[in-house]
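K.L.:
This is the content of model.cif (mmCIF, C-alpha atoms):
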data_entry
#
loop_
_atom_site.label_atom_id
_atom_site.label_comp_id
_atom_site.auth_asym_id
_atom_site.auth_seq_id
_atom_site.Cartn_x
_atom_site.Cartn_y
_atom_site.Cartn_z
CA MET A 1045 93.48 127.57 87.81
CA PRO A 1046 91.37 124.84 89.42
CA LYS A 1047 92.85 121.71 91.00
CA PHE A 1048 92.95 119.12 88.22
CA ALA A 1049 92.48 115.38 88.68
CA ALA A 1050 92.57 112.46 86.26
CA ASN A 1051 89.85 109.98 85.46
CA ILE A 1052 92.06 106.92 84.96
CA SER A 1053 89.26 104.87 83.47
CA LEU A 1054 89.67 107.07 80.37
CA LEU A 1055 93.07 108.71 80.78
CA PHE A 1056 96.16 106.48 80.62
CA SER A 1057 94.00 103.67 79.25
CA GLU A 1058 96.93 102.70 77.01
CA LEU A 1059 98.40 101.18 80.18
CA PRO A 1060 97.28 98.28 82.39
CA TYR A 1061 94.95 99.42 85.16
CA LEU A 1062 97.41 99.27 88.06
CA ASP A 1063 100.11 101.08 86.05
CA ARG A 1064 97.85 104.08 85.47
CA PHE A 1065 98.26 105.34 89.03
CA GLN A 1066 102.00 105.83 88.65
CA ALA A 1067 101.50 107.44 85.24
CA ALA A 1068 98.95 109.87 86.64
CA ALA A 1069 101.24 110.83 89.51
CA ALA A 1070 104.19 111.26 87.11
CA ALA A 1071 102.06 113.60 84.99
CA GLY A 1072 101.50 115.81 88.03
CA PHE A 1073 98.07 114.67 89.20
CA GLU A 1074 97.47 114.37 92.92
CA ALA A 1075 94.00 112.84 92.69
CA VAL A 1076 92.17 110.38 90.46
CA GLU A 1077 88.73 108.99 89.88
CA ILE A 1078 87.80 105.50 88.72
CA LEU A 1079 84.44 104.81 87.12
CA PHE A 1080 84.09 101.14 88.05
CA PRO A 1081 86.89 99.69 90.20
CA TYR A 1082 85.06 96.47 90.99
CA GLU A 1083 86.99 94.05 88.76
CA THR A 1084 90.10 94.57 90.89
CA ALA A 1085 90.36 93.73 94.58
CA ALA A 1086 89.92 96.87 96.63
CA LYS A 1087 93.18 96.24 98.47
CA GLU A 1088 95.13 96.26 95.17
CA THR A 1089 93.65 99.61 94.18
CA GLN A 1090 94.31 100.91 97.69
CA ARG A 1091 97.98 99.91 97.45
CA ALA A 1092 98.33 101.66 94.08
CA LEU A 1093 96.79 104.83 95.49
CA LEU A 1094 99.02 104.82 98.55
CA ALA A 1095 102.20 103.98 96.62
CA ASN A 1096 101.69 106.99 94.40
CA GLY A 1097 100.34 109.45 96.95
CA LEU A 1098 97.00 109.80 95.19
CA GLU A 1099 93.60 110.74 96.57
CA LEU A 1100 90.61 108.83 95.21
CA LEU A 1101 87.87 111.31 94.37
CA LEU A 1102 85.06 109.27 92.89
CA ILE A 1103 83.68 105.89 91.94
CA ASN A 1104 80.40 105.03 90.20
CA ALA A 1105 77.57 102.97 91.64
CA PRO A 1106 76.02 100.52 91.36
CA PRO A 1107 78.58 98.02 90.06
CA PRO A 1108 78.07 96.95 86.44
CA ASN A 1109 75.75 94.09 85.69
CA TYR A 1110 78.12 91.62 84.08
CA THR A 1111 75.22 89.48 82.85
CA GLY A 1112 74.50 92.04 80.13
CA GLY A 1113 72.06 94.44 81.77
CA GLU A 1114 72.28 98.21 81.45
CA PRO A 1115 74.58 100.07 83.85
CA GLY A 1116 72.65 101.85 86.58
CA TYR A 1117 69.13 101.24 87.80
CA ALA A 1118 68.51 103.62 90.70
CA ALA A 1119 65.44 105.01 88.88
CA ILE A 1120 64.02 101.65 87.81
CA PRO A 1121 60.76 100.86 89.65
CA GLY A 1122 60.84 97.46 91.28
CA GLY A 1123 64.62 97.33 91.60
CA GLU A 1124 64.87 98.74 95.10
CA ASP A 1125 66.02 95.52 96.79
CA ARG A 1126 68.77 95.01 94.24
CA PHE A 1127 69.78 98.65 94.53
CA GLN A 1128 70.15 98.35 98.28
CA ARG A 1129 72.19 95.14 98.03
CA ASP A 1130 74.54 96.66 95.52
CA ILE A 1131 74.94 99.94 97.36
CA ARG A 1132 75.97 97.93 100.43
CA ARG A 1133 78.58 96.26 98.22
CA VAL A 1134 79.80 99.64 96.98
CA LEU A 1135 80.06 100.89 100.55
CA ARG A 1136 82.29 97.92 101.40
CA TYR A 1137 84.63 99.08 98.61
CA ALA A 1138 84.36 102.60 99.96
CA ASP A 1139 85.40 101.43 103.42
CA VAL A 1140 88.73 100.40 101.88
CA LEU A 1141 89.23 102.99 99.14
CA ARG A 1142 87.73 106.04 100.88
CA PRO A 1143 86.41 107.78 97.75
CA GLY A 1144 85.31 111.33 98.36
CA ILE A 1145 82.23 110.80 96.19
CA ILE A 1146 80.02 107.96 95.01
CA HIS A 1147 78.15 108.80 91.80
CA VAL A 1148 74.77 107.03 91.73
CA MET A 1149 73.71 106.19 88.18
CA ALA A 1150 70.00 106.51 87.50
CA GLY A 1151 69.50 104.00 84.71
CA TYR A 1152 67.25 103.88 81.66
CA GLU A 1153 63.63 104.68 82.49
CA LYS A 1154 61.33 107.66 82.13
CA GLY A 1155 58.30 109.08 83.89
CA GLU A 1156 57.00 110.02 87.30
CA ALA A 1157 57.40 106.52 88.76
CA ALA A 1158 61.06 106.53 87.76
CA GLN A 1159 61.61 109.91 89.40
CA GLN A 1160 59.93 108.81 92.61
CA THR A 1161 62.01 105.63 92.64
CA PHE A 1162 65.22 107.58 92.09
CA VAL A 1163 64.38 109.95 94.93
CA ARG A 1164 63.54 107.10 97.32
CA ASN A 1165 66.72 105.22 96.49
CA LEU A 1166 68.89 108.31 96.88
CA LYS A 1167 67.34 109.06 100.26
CA TRP A 1168 68.00 105.48 101.35
CA ALA A 1169 71.64 105.59 100.23
CA ALA A 1170 72.21 108.98 101.87
CA ASP A 1171 70.72 107.80 105.14
CA GLN A 1172 72.59 104.50 104.99
CA ALA A 1173 75.95 106.31 104.83
CA PRO A 1174 75.43 109.87 106.11
CA LYS A 1175 79.17 110.64 106.10
CA GLN A 1176 79.57 109.63 102.45
CA GLN A 1177 79.03 112.21 99.69
CA PHE A 1178 76.85 111.03 96.80
CA THR A 1179 76.24 112.71 93.47
CA ILE A 1180 73.88 112.55 90.51
CA GLU A 1181 74.97 113.54 87.00
CA PRO A 1182 72.88 114.46 83.94
CA LEU A 1183 74.03 112.51 80.87
CA ASN A 1184 73.25 113.57 77.32
CA SER A 1185 70.68 111.54 75.42
CA GLY A 1186 72.88 111.21 72.34
CA ASP A 1187 75.41 109.10 74.21
CA GLN A 1188 72.90 107.59 76.64
CA PRO A 1189 69.50 107.33 74.93
CA GLY A 1190 66.68 106.73 77.39
CA TYR A 1191 68.76 107.64 80.45
CA PHE A 1192 66.49 109.01 83.16
CA LEU A 1193 68.61 111.96 84.26
CA ASP A 1194 69.17 113.83 80.99
CA ASP A 1195 68.61 117.46 82.04
CA TYR A 1196 70.06 119.78 84.68
CA ASN A 1197 66.63 121.16 85.56
CA LEU A 1198 65.46 117.62 86.30
CA ALA A 1199 68.54 117.12 88.46
CA ARG A 1200 67.58 120.21 90.45
CA GLU A 1201 64.08 118.79 90.99
CA VAL A 1202 65.50 115.48 92.18
CA LEU A 1203 67.97 117.11 94.56
CA ALA A 1204 65.23 119.28 96.05
CA ALA A 1205 63.04 116.22 96.62
CA VAL A 1206 65.90 114.18 98.13
CA ASP A 1207 66.90 117.06 100.40
CA ARG A 1208 69.94 115.39 101.94
CA PRO A 1209 73.16 117.32 102.67
CA ASN A 1210 75.29 114.46 101.34
CA VAL A 1211 73.64 114.29 97.90
CA GLY A 1212 74.73 116.88 95.35
CA LEU A 1213 75.22 117.65 91.68
CA GLN A 1214 78.01 116.32 89.48
CA TYR A 1215 78.67 118.84 86.71
CA ASP A 1216 80.31 117.67 83.49
CA ALA A 1217 81.14 120.31 80.87
CA TYR A 1218 80.91 117.74 78.07
CA HIS A 1219 77.39 116.62 78.96
CA ALA A 1220 76.27 120.15 79.90
CA GLN A 1221 77.28 121.43 76.47
CA LEU A 1222 75.49 118.64 74.61
CA ILE A 1223 72.34 118.79 76.78
CA HIS A 1224 71.80 122.54 76.98
CA GLY A 1225 74.10 124.00 74.30
CA ASP A 1226 76.14 126.22 76.63
CA ALA A 1227 78.33 124.61 79.28
CA ALA A 1228 79.32 127.96 80.78
CA LYS A 1229 75.71 129.06 81.21
CA VAL A 1230 74.87 125.74 82.86
CA TRP A 1231 77.75 126.30 85.29
CA ASP A 1232 76.53 129.79 86.11
CA GLU A 1233 73.02 128.53 86.82
CA PHE A 1234 73.76 125.31 88.68
CA SER A 1235 77.20 125.71 90.25
CA ALA A 1236 75.76 126.31 93.71
CA SER A 1237 74.64 122.68 93.77
CA ALA A 1238 77.86 121.25 92.32
CA VAL A 1239 80.02 119.09 94.56
CA HIS A 1240 82.13 117.61 91.76
CA VAL A 1241 83.25 118.81 88.32
CA GLN A 1242 84.37 116.89 85.24
CA ILE A 1243 85.55 118.21 81.90
CA GLY A 1244 85.89 117.07 78.31
CA ALA A 1245 85.52 118.82 74.97
CA ALA A 1246 82.20 118.57 73.12
CA PRO A 1247 81.24 116.99 70.84
CA SER A 1248 84.41 114.87 70.59
CA ARG A 1249 84.86 114.10 74.30
CA SER A 1250 88.57 114.63 73.79
CA GLU A 1251 90.88 116.96 75.72
CA PRO A 1252 89.99 120.66 76.10
CA GLY A 1253 91.00 122.69 73.08
CA SER A 1254 88.46 121.73 70.44
CA GLY A 1255 84.77 122.47 70.08
CA PRO A 1256 82.69 125.42 71.25
CA VAL A 1257 83.49 125.45 74.98
CA ASP A 1258 85.92 128.19 76.03
CA PHE A 1259 87.71 126.29 78.78
CA ASP A 1260 89.87 129.22 79.86
CA ALA A 1261 86.69 131.18 80.56
CA LEU A 1262 85.07 128.16 82.21
CA PHE A 1263 88.07 127.63 84.48
CA ALA A 1264 87.98 131.31 85.40
CA ALA A 1265 84.28 131.02 86.23
CA ILE A 1266 84.95 127.97 88.39
CA ASP A 1267 87.72 129.85 90.20
CA ALA A 1268 85.39 132.82 90.73
CA SER A 1269 82.60 130.67 92.15
CA ALA A 1270 82.22 129.18 95.61
CA TYR A 1271 83.28 125.76 94.31
CA ASP A 1272 86.61 124.71 95.83
CA GLY A 1273 86.76 121.04 94.82
CA TRP A 1274 88.61 119.18 92.09
CA VAL A 1275 88.10 119.44 88.35
CA SER A 1276 88.54 116.00 86.89
CA ALA A 1277 89.70 115.36 83.33
CA GLU A 1278 87.26 112.79 82.01
CA TYR A 1279 87.93 112.52 78.31
CA ASN A 1280 89.29 110.22 75.61
CA PRO A 1281 92.73 111.52 74.64
CA SER A 1282 93.17 112.22 70.95
CA THR A 1283 96.82 111.19 71.28
CA ALA A 1284 98.30 107.72 71.60
CA ARG A 1285 99.96 108.69 74.88
CA THR A 1286 97.78 110.45 77.44
CA GLU A 1287 100.72 112.67 78.46
CA ASP A 1288 100.71 114.24 75.01
CA SER A 1289 97.10 115.42 75.50
CA LEU A 1290 97.76 117.41 78.66
CA GLY A 1291 98.89 120.72 77.17
CA TRP A 1292 95.61 122.35 78.19
CA MET A 1293 96.71 122.17 81.85
CA SER A 1294 99.60 124.61 81.47
#
Here is a file; write its structure as structure tokens.

P.N.:
Amino acid sequence: MPKFAANISLLFSELPYLDRFQAAAAAGFEAVEILFPYETAAKETQRALLANGLELLLINAPPPNYTGGEPGYAAIPGGEDRFQRDIRRVLRYADVLRPGIIHVMAGYEKGEAAQQTFVRNLKWAADQAPKQQFTIEPLNSGDQPGYFLDDYNLAREVLAAVDRPNVGLQYDAYHAQLIHGDAAKVWDEFSASAVHVQIGAAPSRSEPGSGPVDFDALFAAIDASAYDGWVSAEYNPSTARTEDSLGWMS
């Protein structure tokens, strides 16, 4: 079986943020990811990670726009200066938290200009922090209408144009299933580019065990591939207590 991690932005959300680290460790996780850790001082998150012996796998960038704008704007023409300022802010968090991966969100724009902007911004981020791994992730248009990166073939085009060793693909079984109709086939075709994996059942985005994806087969395919990273549970538990949704791990 793969190495499983917990996305504590979704899992253990019945608990206060800083209590989720202990709960994840008690449930047997050795690594976590946090979508947007920016509301809490980095040192507080660092202490919670260290106290519970947890590795931080991933955070999202850029930070949310708390004035009401859409999350993510790396593909928005004209936003390059803001992107660079906010990536520098994210990298200051990363200096403290040491996330393995920073997921760069594209934002809500379409067309050739958006793609060129996304490529330029990803190149800049990769060159700004060459030792930091970055990812891009296709998101399904049902949940994220108008999102630029809504197809794995488009992600492959972007990665080829960026051509940086520290920019790779973030595969999510939930989004892959809803975008292309077959999460396992998407894994077979694109796994060579994957540097991070997330899972959730489609279409419910709950724990594995419902919907059309055969997770036992998917886990076997991940094990049989060259991918040796973590598989992060990024779903909304169908149970009141997250612990009660973890039967799929056994």

K.L.:
Any idea what's packed within 7 Å of Asn1210 (chain A), counting only C-alpha atoms, ignoring anything in its chain fewer than 3 positions away? Could you give it as a ChimeraX atom specification?

P.N.:
/A:1170,1174,1176-1178

K.L.:
Assuming the chain letters and numbering stay as they are in my file, what does the PyMOL selection byres ((chain A and resi 1291-1294) around 9) actually select? List them as a list in words.

P.N.:
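Expected selection for the PyMOL selection byres ((chain A and resi 1291-1294) around 9) here is Met1045, Phe1048, Glu1251, Pro1252, Gly1253, Phe1259, Glu1287, Asp1288, Ser1289 and Leu1290 of chain A.
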
K.L.:
Counting all atoms listed in the file, select every polymer residue within 12 Å of (85.7, 95.3, 91.9) as defined in the file's coordinates, and provide the selection as an MDAnalysis selection string.

P.N.:
chainID A and resid 1078:1090 1103:1110 1130 1133:1138 1140:1141

K.L.:
Please expand the PyMOL selection byres ((chain A and resi 1122-1127) around 12) into the concrete residues it hits in this file, giving the result as a ChimeraX atom specification.

P.N.:
/A:1105-1109,1115-1121,1128-1134,1148-1151,1153,1157-1158,1160-1169

K.L.:
For this file, the PyMOL selection byres ((chain A and resi 1247) around 10) selects which residues, as a PyMOL selection string?

P.N.:
chain A and resi 1218-1219+1221-1222+1244-1246+1248-1250+1254-1257

K.L.:
What's around Ser1276 (chain A) at 7 Å? Count only C-alpha atoms, leave out sequence neighbours fewer than 4 positions away in its own chain, and write the answer as number ranges by chain.

P.N.:
A: 1048-1051, 1241-1243

K.L.:
Suppose we keep C-alpha atoms; can you now write the selection as a PDB file, in the frame of the given file?

P.N.:
ATOM      1  CA  PHE A1048      92.950 119.120  88.220  1.00  0.00           C
ATOM      2  CA  ALA A1049      92.480 115.380  88.680  1.00  0.00           C
ATOM      3  CA  ALA A1050      92.570 112.460  86.260  1.00  0.00           C
ATOM      4  CA  ASN A1051      89.850 109.980  85.460  1.00  0.00           C
ATOM      5  CA  VAL A1241      83.250 118.810  88.320  1.00  0.00           C
ATOM      6  CA  GLN A1242      84.370 116.890  85.240  1.00  0.00           C
ATOM      7  CA  ILE A1243      85.550 118.210  81.900  1.00  0.00           C
TER       8      ILE A1243
END

K.L.:
Nearest to Val1211 (chain A): which of A:Ala1173, A:Pro1182, A:Asp1226, A:Gly1072 is it, counting all atoms listed in the file?

P.N.:
A:Ala1173

K.L.:
Pick out the residues sitting within 12 Å of Glu1201 (chain A), and hand them over as JSON, numbers by chain; count all atoms listed in the file, and ignore anything fewer than 2 positions along from it in its own chain.

P.N.:
{"A": [1156, 1159, 1160, 1162, 1163, 1180, 1193, 1195, 1196, 1197, 1198, 1199, 1203, 1204, 1205, 1206, 1207, 1212, 1213, 1234, 1237]}

K.L.:
Point out the residue among A:Leu1054, A:Ser1185, A:Glu1114, A:Lys1047 with the least atom-to-atom distance to Pro1281 (chain A), counting all atoms listed in the file.

P.N.:
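Closest to Pro1281 (chain A) of all the choices is A:Leu1054.
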
K.L.:
Kindly indicate which residue among A:Pro1143, A:Gly1097, A:Gly1273, A:Gly1190 lies nearest to Phe1065 (chain A), using all atoms listed in the file for the distances.

P.N.:
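Closest candidate: A:Gly1097.
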
K.L.:
Between A:Ser1282, A:Ala1070, A:Leu1102, A:Ala1261, which one has atoms that come closest to Arg1142 (chain A), using all atoms listed in the file?

P.N.:
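Closest to Arg1142 (chain A) of all the choices is A:Leu1102.
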
K.L.:
Would you mind reading off the distance between CA of Ser1269 (chain A) and CA of Leu1183 (chain A), one decimal, in Å?

P.N.:
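Result for CA of Ser1269 (chain A) versus CA of Leu1183 (chain A): 23.0 Å, one decimal.
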
K.L.:
Interatomic distance between CA of Leu1062 (chain A) and CA of Arg1091 (chain A)?

P.N.:
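If I compute the distance from CA of Leu1062 (chain A) to CA of Arg1091 (chain A), I get 9.4 Å.
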
K.L.:
What's the 10 Å shell around Tyr1271 (chain A), counting all atoms listed in the file, without same-chain residues fewer than 5 positions away, as an NGL selection string?

P.N.:
:A and (1046 or 1235-1241 or 1265-1266)

K.L.:
For a test of reading the model, state the distance in Å between CA of Trp1274 (chain A) and CA of Asp1216 (chain A), rounded to one decimal.

P.N.:
12.0 Å

K.L.:
Could I get region 1164-1175 of chain A rebuilt with all heavy atoms, written as a PDB file, keeping the file's coordinate frame?

P.N.:
ATOM      1  N   ARG A1164      63.567 108.017  96.172  1.00  0.00           N
ATOM      2  CA  ARG A1164      63.540 107.100  97.320  1.00  0.00           C
ATOM      3  C   ARG A1164      64.887 106.401  97.489  1.00  0.00           C
ATOM      4  O   ARG A1164      65.392 106.279  98.616  1.00  0.00           O
ATOM      5  CB  ARG A1164      62.437 106.066  97.163  1.00  0.00           C
ATOM      6  CG  ARG A1164      61.036 106.575  97.418  1.00  0.00           C
ATOM      7  CD  ARG A1164      60.067 105.418  97.635  1.00  0.00           C
ATOM      8  NE  ARG A1164      60.061 104.497  96.502  1.00  0.00           N
ATOM      9  CZ  ARG A1164      59.267 104.624  95.440  1.00  0.00           C
ATOM     10  NH1 ARG A1164      58.423 105.646  95.362  1.00  0.00           N
ATOM     11  NH2 ARG A1164      59.311 103.744  94.460  1.00  0.00           N
ATOM     12  N   ASN A1165      65.451 105.936  96.393  1.00  0.00           N
ATOM     13  CA  ASN A1165      66.720 105.220  96.490  1.00  0.00           C
ATOM     14  C   ASN A1165      67.854 106.140  96.932  1.00  0.00           C
ATOM     15  O   ASN A1165      68.725 105.730  97.717  1.00  0.00           O
ATOM     16  CB  ASN A1165      67.057 104.581  95.139  1.00  0.00           C
ATOM     17  CG  ASN A1165      66.318 103.283  94.908  1.00  0.00           C
ATOM     18  OD1 ASN A1165      65.941 102.590  95.851  1.00  0.00           O
ATOM     19  ND2 ASN A1165      66.111 102.942  93.646  1.00  0.00           N
ATOM     20  N   LEU A1166      67.861 107.368  96.455  1.00  0.00           N
ATOM     21  CA  LEU A1166      68.890 108.310  96.880  1.00  0.00           C
ATOM     22  C   LEU A1166      68.760 108.649  98.358  1.00  0.00           C
ATOM     23  O   LEU A1166      69.772 108.749  99.076  1.00  0.00           O
ATOM     24  CB  LEU A1166      68.826 109.579  96.033  1.00  0.00           C
ATOM     25  CG  LEU A1166      69.302 109.445  94.590  1.00  0.00           C
ATOM     26  CD1 LEU A1166      68.897 110.666  93.775  1.00  0.00           C
ATOM     27  CD2 LEU A1166      70.820 109.248  94.524  1.00  0.00           C
ATOM     28  N   LYS A1167      67.537 108.812  98.827  1.00  0.00           N
ATOM     29  CA  LYS A1167      67.340 109.060 100.260  1.00  0.00           C
ATOM     30  C   LYS A1167      67.859 107.889 101.078  1.00  0.00           C
ATOM     31  O   LYS A1167      68.523 108.075 102.112  1.00  0.00           O
ATOM     32  CB  LYS A1167      65.847 109.282 100.552  1.00  0.00           C
ATOM     33  CG  LYS A1167      65.298 110.613 100.102  1.00  0.00           C
ATOM     34  CD  LYS A1167      63.811 110.725 100.466  1.00  0.00           C
ATOM     35  CE  LYS A1167      63.241 112.087 100.125  1.00  0.00           C
ATOM     36  NZ  LYS A1167      61.800 112.191 100.472  1.00  0.00           N
ATOM     37  N   TRP A1168      67.556 106.673 100.617  1.00  0.00           N
ATOM     38  CA  TRP A1168      68.000 105.480 101.350  1.00  0.00           C
ATOM     39  C   TRP A1168      69.521 105.429 101.403  1.00  0.00           C
ATOM     40  O   TRP A1168      70.104 105.204 102.475  1.00  0.00           O
ATOM     41  CB  TRP A1168      67.450 104.212 100.694  1.00  0.00           C
ATOM     42  CG  TRP A1168      67.879 102.979 101.415  1.00  0.00           C
ATOM     43  CD1 TRP A1168      67.258 102.369 102.465  1.00  0.00           C
ATOM     44  CD2 TRP A1168      69.079 102.219 101.172  1.00  0.00           C
ATOM     45  NE1 TRP A1168      67.985 101.285 102.887  1.00  0.00           N
ATOM     46  CE2 TRP A1168      69.109 101.172 102.116  1.00  0.00           C
ATOM     47  CE3 TRP A1168      70.120 102.332 100.249  1.00  0.00           C
ATOM     48  CZ2 TRP A1168      70.142 100.233 102.154  1.00  0.00           C
ATOM     49  CZ3 TRP A1168      71.153 101.409 100.298  1.00  0.00           C
ATOM     50  CH2 TRP A1168      71.158 100.365 101.236  1.00  0.00           C
ATOM     51  N   ALA A1169      70.184 105.642 100.262  1.00  0.00           N
ATOM     52  CA  ALA A1169      71.640 105.590 100.230  1.00  0.00           C
ATOM     53  C   ALA A1169      72.242 106.675 101.123  1.00  0.00           C
ATOM     54  O   ALA A1169      73.193 106.415 101.879  1.00  0.00           O
ATOM     55  CB  ALA A1169      72.139 105.752  98.797  1.00  0.00           C
ATOM     56  N   ALA A1170      71.686 107.876 101.052  1.00  0.00           N
ATOM     57  CA  ALA A1170      72.210 108.980 101.870  1.00  0.00           C
ATOM     58  C   ALA A1170      72.060 108.699 103.346  1.00  0.00           C
ATOM     59  O   ALA A1170      72.961 109.006 104.141  1.00  0.00           O
ATOM     60  CB  ALA A1170      71.484 110.267 101.496  1.00  0.00           C
ATOM     61  N   ASP A1171      70.956 108.093 103.734  1.00  0.00           N
ATOM     62  CA  ASP A1171      70.720 107.800 105.140  1.00  0.00           C
ATOM     63  C   ASP A1171      71.523 106.586 105.604  1.00  0.00           C
ATOM     64  O   ASP A1171      71.880 106.481 106.787  1.00  0.00           O
ATOM     65  CB  ASP A1171      69.234 107.565 105.390  1.00  0.00           C
ATOM     66  CG  ASP A1171      68.397 108.828 105.168  1.00  0.00           C
ATOM     67  OD1 ASP A1171      68.977 109.931 105.152  1.00  0.00           O
ATOM     68  OD2 ASP A1171      67.169 108.701 104.985  1.00  0.00           O
ATOM     69  N   GLN A1172      71.802 105.675 104.663  1.00  0.00           N
ATOM     70  CA  GLN A1172      72.590 104.500 104.990  1.00  0.00           C
ATOM     71  C   GLN A1172      74.038 104.873 105.312  1.00  0.00           C
ATOM     72  O   GLN A1172      74.675 104.248 106.163  1.00  0.00           O
ATOM     73  CB  GLN A1172      72.566 103.517 103.809  1.00  0.00           C
ATOM     74  CG  GLN A1172      73.260 102.188 104.051  1.00  0.00           C
ATOM     75  CD  GLN A1172      72.425 101.246 104.895  1.00  0.00           C
ATOM     76  OE1 GLN A1172      71.260 101.529 105.184  1.00  0.00           O
ATOM     77  NE2 GLN A1172      73.007 100.142 105.317  1.00  0.00           N
ATOM     78  N   ALA A1173      74.556 105.896 104.642  1.00  0.00           N
ATOM     79  CA  ALA A1173      75.950 106.310 104.830  1.00  0.00           C
ATOM     80  C   ALA A1173      75.998 107.835 104.917  1.00  0.00           C
ATOM     81  O   ALA A1173      76.421 108.513 103.972  1.00  0.00           O
ATOM     82  CB  ALA A1173      76.807 105.806 103.683  1.00  0.00           C
ATOM     83  N   PRO A1174      75.569 108.409 106.026  1.00  0.00           N
ATOM     84  CA  PRO A1174      75.430 109.870 106.110  1.00  0.00           C
ATOM     85  C   PRO A1174      76.748 110.632 106.003  1.00  0.00           C
ATOM     86  O   PRO A1174      76.733 111.832 105.719  1.00  0.00           O
ATOM     87  CB  PRO A1174      74.776 110.086 107.480  1.00  0.00           C
ATOM     88  CG  PRO A1174      75.056 108.830 108.248  1.00  0.00           C
ATOM     89  CD  PRO A1174      75.099 107.733 107.253  1.00  0.00           C
ATOM     90  N   LYS A1175      77.876 109.966 106.209  1.00  0.00           N
ATOM     91  CA  LYS A1175      79.170 110.640 106.100  1.00  0.00           C
ATOM     92  C   LYS A1175      79.765 110.530 104.699  1.00  0.00           C
ATOM     93  O   LYS A1175      80.828 111.102 104.438  1.00  0.00           O
ATOM     94  CB  LYS A1175      80.145 110.089 107.137  1.00  0.00           C
ATOM     95  CG  LYS A1175      79.735 110.384 108.577  1.00  0.00           C
ATOM     96  CD  LYS A1175      80.763 109.875 109.562  1.00  0.00           C
ATOM     97  CE  LYS A1175      80.351 110.190 111.001  1.00  0.00           C
ATOM     98  NZ  LYS A1175      81.356 109.694 111.986  1.00  0.00           N
TER      99      LYS A1175
END
